[in-house]
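Here the structure comes first, spelled out in structure tokens, and everything after it is commentary.
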Amino acid sequence: LHDAQLTVARGYGFTGWPALVHYLEVAADLSVDPGRIDDEGLAPADRFCALAVPRYDHADAPPRWQAAAELLAADPTLVERHVWAAAAAADPIALAAHLTARPMLAKTPGGPYNWVPLMYLCYSRAPLDRTEAQVLTAARLLLDAGADPNAGYLWCGMSTTFTALTGVFGEGEQGPRRQPRHRFAPALATLLLTRGAHPVDQQTLYNRMFRPDDSHLELLF
């Protein structure tokens, strides 16, 4: 049994069975499969968050993000329901209210994908009337309250982390229309890097390799 376990572990690149088991235990807490979340069954604020961000599956497309914007337009109080909706909307006023009442919310996972608020902000593609200054102010509020610039999740348990930077830089296998960059990607990525985001973002390097554009590499280097 020991020989079999060692062979399996080394086959996956681990030094031994305990290291493999440890990885699986840690990965279980970080894994999210957004495609398994039923949007229709969510409460309105959670549904807004789910529709606003790419899921990295066949459902990604501009109509989802437009639906998120329409949901918020129909009920602007969604951003008051919880901090994750306020982050997905990049609403600095609503975020300030949430964080003033409970600063620890900046580091608290929640919403439909159990992400921290900064992740919803960085991945949101909802076409809302936000300026670059408003988005950066919203991000700074979270970072100043203790949000981790290296926050991320494991998509369906895969080992390469989808970080906040990954969300900002965008793109991927389905192309720039279905998985676009954040509208203010250069400025938002610069803020994250300045605040300590690790520049060796492996999923970003993969997602951005499909088009001849080195702007993300110049910024990361």
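Following the order of the structure tokens, first chain is A, next is B, and so on, with residues numbered from 1 inside each chain and ligands from 1 in the order they appear.
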Per-residue DSSP, range 11-150 of chain A, filtered to helix (DSSP H, G or I), as JSON, numbers by chain: {"A": [11, 17, 18, 19, 20, 21, 22, 23, 24, 25, 26, 27, 28, 29, 30, 34, 35, 36, 39, 40, 41, 44, 45, 46, 47, 48, 49, 50, 51, 52, 62, 63, 64, 65, 66, 67, 68, 69, 70, 71, 72, 73, 74, 78, 79, 80, 81, 83, 84, 85, 86, 87, 88, 92, 93, 94, 95, 96, 97, 98, 99, 100, 101, 103, 104, 105, 106, 107, 117, 118, 119, 120, 121, 122, 123, 132, 133, 134, 135, 136, 137, 138, 139, 140, 141, 142, 143, 144]}
Per residue of range 55-132 of chain A within 12 Å of range 186-204 of chain A, what are the shortest atom pair and its distance in Å to one decimal, counting only C-alpha atoms, with rows by chain and residue number, as a tab-separated table?
residue	atom	partner	partner_atom	distance
A:Ala90	CA	A:Leu188	CA	11.8
A:Leu118	CA	A:Leu192	CA	10.2
A:Met119	CA	A:Leu192	CA	11.6
A:Leu121	CA	A:Leu188	CA	10.1
A:Cys122	CA	A:Leu188	CA	8.1
A:Tyr123	CA	A:Leu188	CA	11.2
A:Thr131	CA	A:Ala187	CA	11.7
A:Glu132	CA	A:Ala187	CA	7.9
Store the residues of this selection in a file with N, CA and C atoms, as a PDB file, in the first residue's frame.
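As written to disk, part_0.pdb reads:
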ATOM      1  N   ALA A  90     -19.064  47.796  -7.294  1.00  0.00           N
ATOM      2  CA  ALA A  90     -17.994  48.790  -7.117  1.00  0.00           C
ATOM      3  C   ALA A  90     -18.579  50.114  -6.626  1.00  0.00           C
ATOM      4  N   LEU A 118     -13.387  41.647  -2.401  1.00  0.00           N
ATOM      5  CA  LEU A 118     -12.469  42.121  -3.433  1.00  0.00           C
ATOM      6  C   LEU A 118     -12.559  41.280  -4.701  1.00  0.00           C
ATOM      7  N   MET A 119     -12.835  39.987  -4.563  1.00  0.00           N
ATOM      8  CA  MET A 119     -12.945  39.124  -5.733  1.00  0.00           C
ATOM      9  C   MET A 119     -14.141  39.522  -6.596  1.00  0.00           C
ATOM     10  N   LEU A 121     -15.448  42.451  -6.813  1.00  0.00           N
ATOM     11  CA  LEU A 121     -15.125  43.722  -7.457  1.00  0.00           C
ATOM     12  C   LEU A 121     -14.237  43.502  -8.681  1.00  0.00           C
ATOM     13  N   CYS A 122     -13.218  42.662  -8.530  1.00  0.00           N
ATOM     14  CA  CYS A 122     -12.244  42.476  -9.607  1.00  0.00           C
ATOM     15  C   CYS A 122     -12.793  41.665 -10.772  1.00  0.00           C
ATOM     16  N   TYR A 123     -13.741  40.776 -10.506  1.00  0.00           N
ATOM     17  CA  TYR A 123     -14.297  39.941 -11.573  1.00  0.00           C
ATOM     18  C   TYR A 123     -15.557  40.538 -12.187  1.00  0.00           C
ATOM     19  N   THR A 131     -17.072  55.346 -12.767  1.00  0.00           N
ATOM     20  CA  THR A 131     -15.837  55.917 -13.283  1.00  0.00           C
ATOM     21  C   THR A 131     -14.651  55.117 -12.748  1.00  0.00           C
ATOM     22  N   GLU A 132     -13.507  55.319 -13.367  1.00  0.00           N
ATOM     23  CA  GLU A 132     -12.291  54.663 -12.879  1.00  0.00           C
ATOM     24  C   GLU A 132     -12.009  55.080 -11.439  1.00  0.00           C
TER      25      GLU A 132
END
Residue contacts of Leu6 in chain A (10 Å, only C-alpha atoms) excluding same-chain residues fewer than 2 positions away, as a ChimeraX atom specification: /A:1-4,8-11,14-18,20
Using only C-alpha atoms: which of A:Met104, A:Ala27, A:Leu51, A:Ala43 has the shortest distance to Leu78 in chain A: A:Ala43
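Of the residues listed (A:Leu128, A:Leu141, A:Ile93, A:Leu30), A:Leu30 shows the shortest atom-to-atom separation from Thr163 in chain A; distances use only C-alpha atoms.
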Polymer residues at most 7 Å from range 61-64 of chain A, only C-alpha atoms, same-chain spacing of 3 or more positions, as a list of chain:residue names: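 Surrounding residues, per the criterion: A:Leu51, A:Ala52, A:Ala67, A:Ala68, A:Arg178.
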Which neighbours of Arg181 in chain A fall inside 8 Å, counting only C-alpha atoms, when residues of the same chain fewer than 4 positions from it are skipped, and could you give them as a compact mmCIF listing (two decimals) with N, CA, C and O atoms, in the first residue's frame?
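Final output, selection_31.txt:
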# COMPACT_ATOMS: atom_id res chain seq x y z
N GLY A 167 -8.79 38.05 -12.28
CA GLY A 167 -10.06 38.64 -12.65
C GLY A 167 -9.91 39.98 -13.33
O GLY A 167 -10.62 40.29 -14.29
N VAL A 168 -8.97 40.78 -12.87
CA VAL A 168 -8.76 42.10 -13.47
C VAL A 168 -8.24 41.98 -14.90
O VAL A 168 -8.74 42.63 -15.82
N PHE A 169 -7.25 41.13 -15.11
CA PHE A 169 -6.64 40.99 -16.43
C PHE A 169 -7.56 40.29 -17.43
O PHE A 169 -7.48 40.52 -18.63
N GLY A 170 -8.42 39.41 -16.95
CA GLY A 170 -9.46 38.82 -17.78
C GLY A 170 -8.98 37.93 -18.91
O GLY A 170 -7.84 37.49 -18.94
N GLU A 171 -9.90 37.70 -19.83
CA GLU A 171 -9.74 36.86 -21.02
C GLU A 171 -9.57 35.39 -20.65
O GLU A 171 -9.70 35.00 -19.49
N PRO A 176 -12.06 37.45 -25.81
CA PRO A 176 -12.26 38.72 -25.12
C PRO A 176 -13.70 39.20 -25.06
O PRO A 176 -14.03 40.07 -24.26
N ALA A 185 -8.72 47.77 -16.24
CA ALA A 185 -7.71 46.77 -15.87
C ALA A 185 -6.34 47.36 -15.53
O ALA A 185 -5.77 47.01 -14.49
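Using only C-alpha atoms, the contacts of Ala94 in chain A at a cut-off of 8 Å, with sequence neighbours closer than 4 positions omitted, comprise Val79, Glu80, Val83, Ala86 and His98 of chain A.
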Can you write just those residues out, N, CA and C atoms, as a PDB file, in the first residue's frame?
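Everything below was put into again_22.pdb:
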ATOM      1  N   VAL A  79     -27.285  46.824  -3.143  1.00  0.00           N
ATOM      2  CA  VAL A  79     -25.936  47.052  -2.608  1.00  0.00           C
ATOM      3  C   VAL A  79     -25.953  47.251  -1.097  1.00  0.00           C
ATOM      4  N   GLU A  80     -27.143  47.524  -0.536  1.00  0.00           N
ATOM      5  CA  GLU A  80     -27.262  47.693   0.904  1.00  0.00           C
ATOM      6  C   GLU A  80     -27.497  46.353   1.601  1.00  0.00           C
ATOM      7  N   VAL A  83     -22.229  43.231   1.717  1.00  0.00           N
ATOM      8  CA  VAL A  83     -20.994  43.830   1.226  1.00  0.00           C
ATOM      9  C   VAL A  83     -20.551  43.242  -0.102  1.00  0.00           C
ATOM     10  N   ALA A  86     -22.288  45.094  -2.837  1.00  0.00           N
ATOM     11  CA  ALA A  86     -21.694  46.424  -2.948  1.00  0.00           C
ATOM     12  C   ALA A  86     -20.361  46.366  -3.677  1.00  0.00           C
ATOM     13  N   HIS A  98     -20.922  49.595   4.763  1.00  0.00           N
ATOM     14  CA  HIS A  98     -20.752  48.233   5.279  1.00  0.00           C
ATOM     15  C   HIS A  98     -19.494  48.119   6.135  1.00  0.00           C
TER      16      HIS A  98
END
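Restricting the calculation to only C-alpha atoms, the smallest distance between Glu70 in chain A and any of A:Gly172, A:Pro127, A:Gly35, A:Gly157 is found for A:Pro127.
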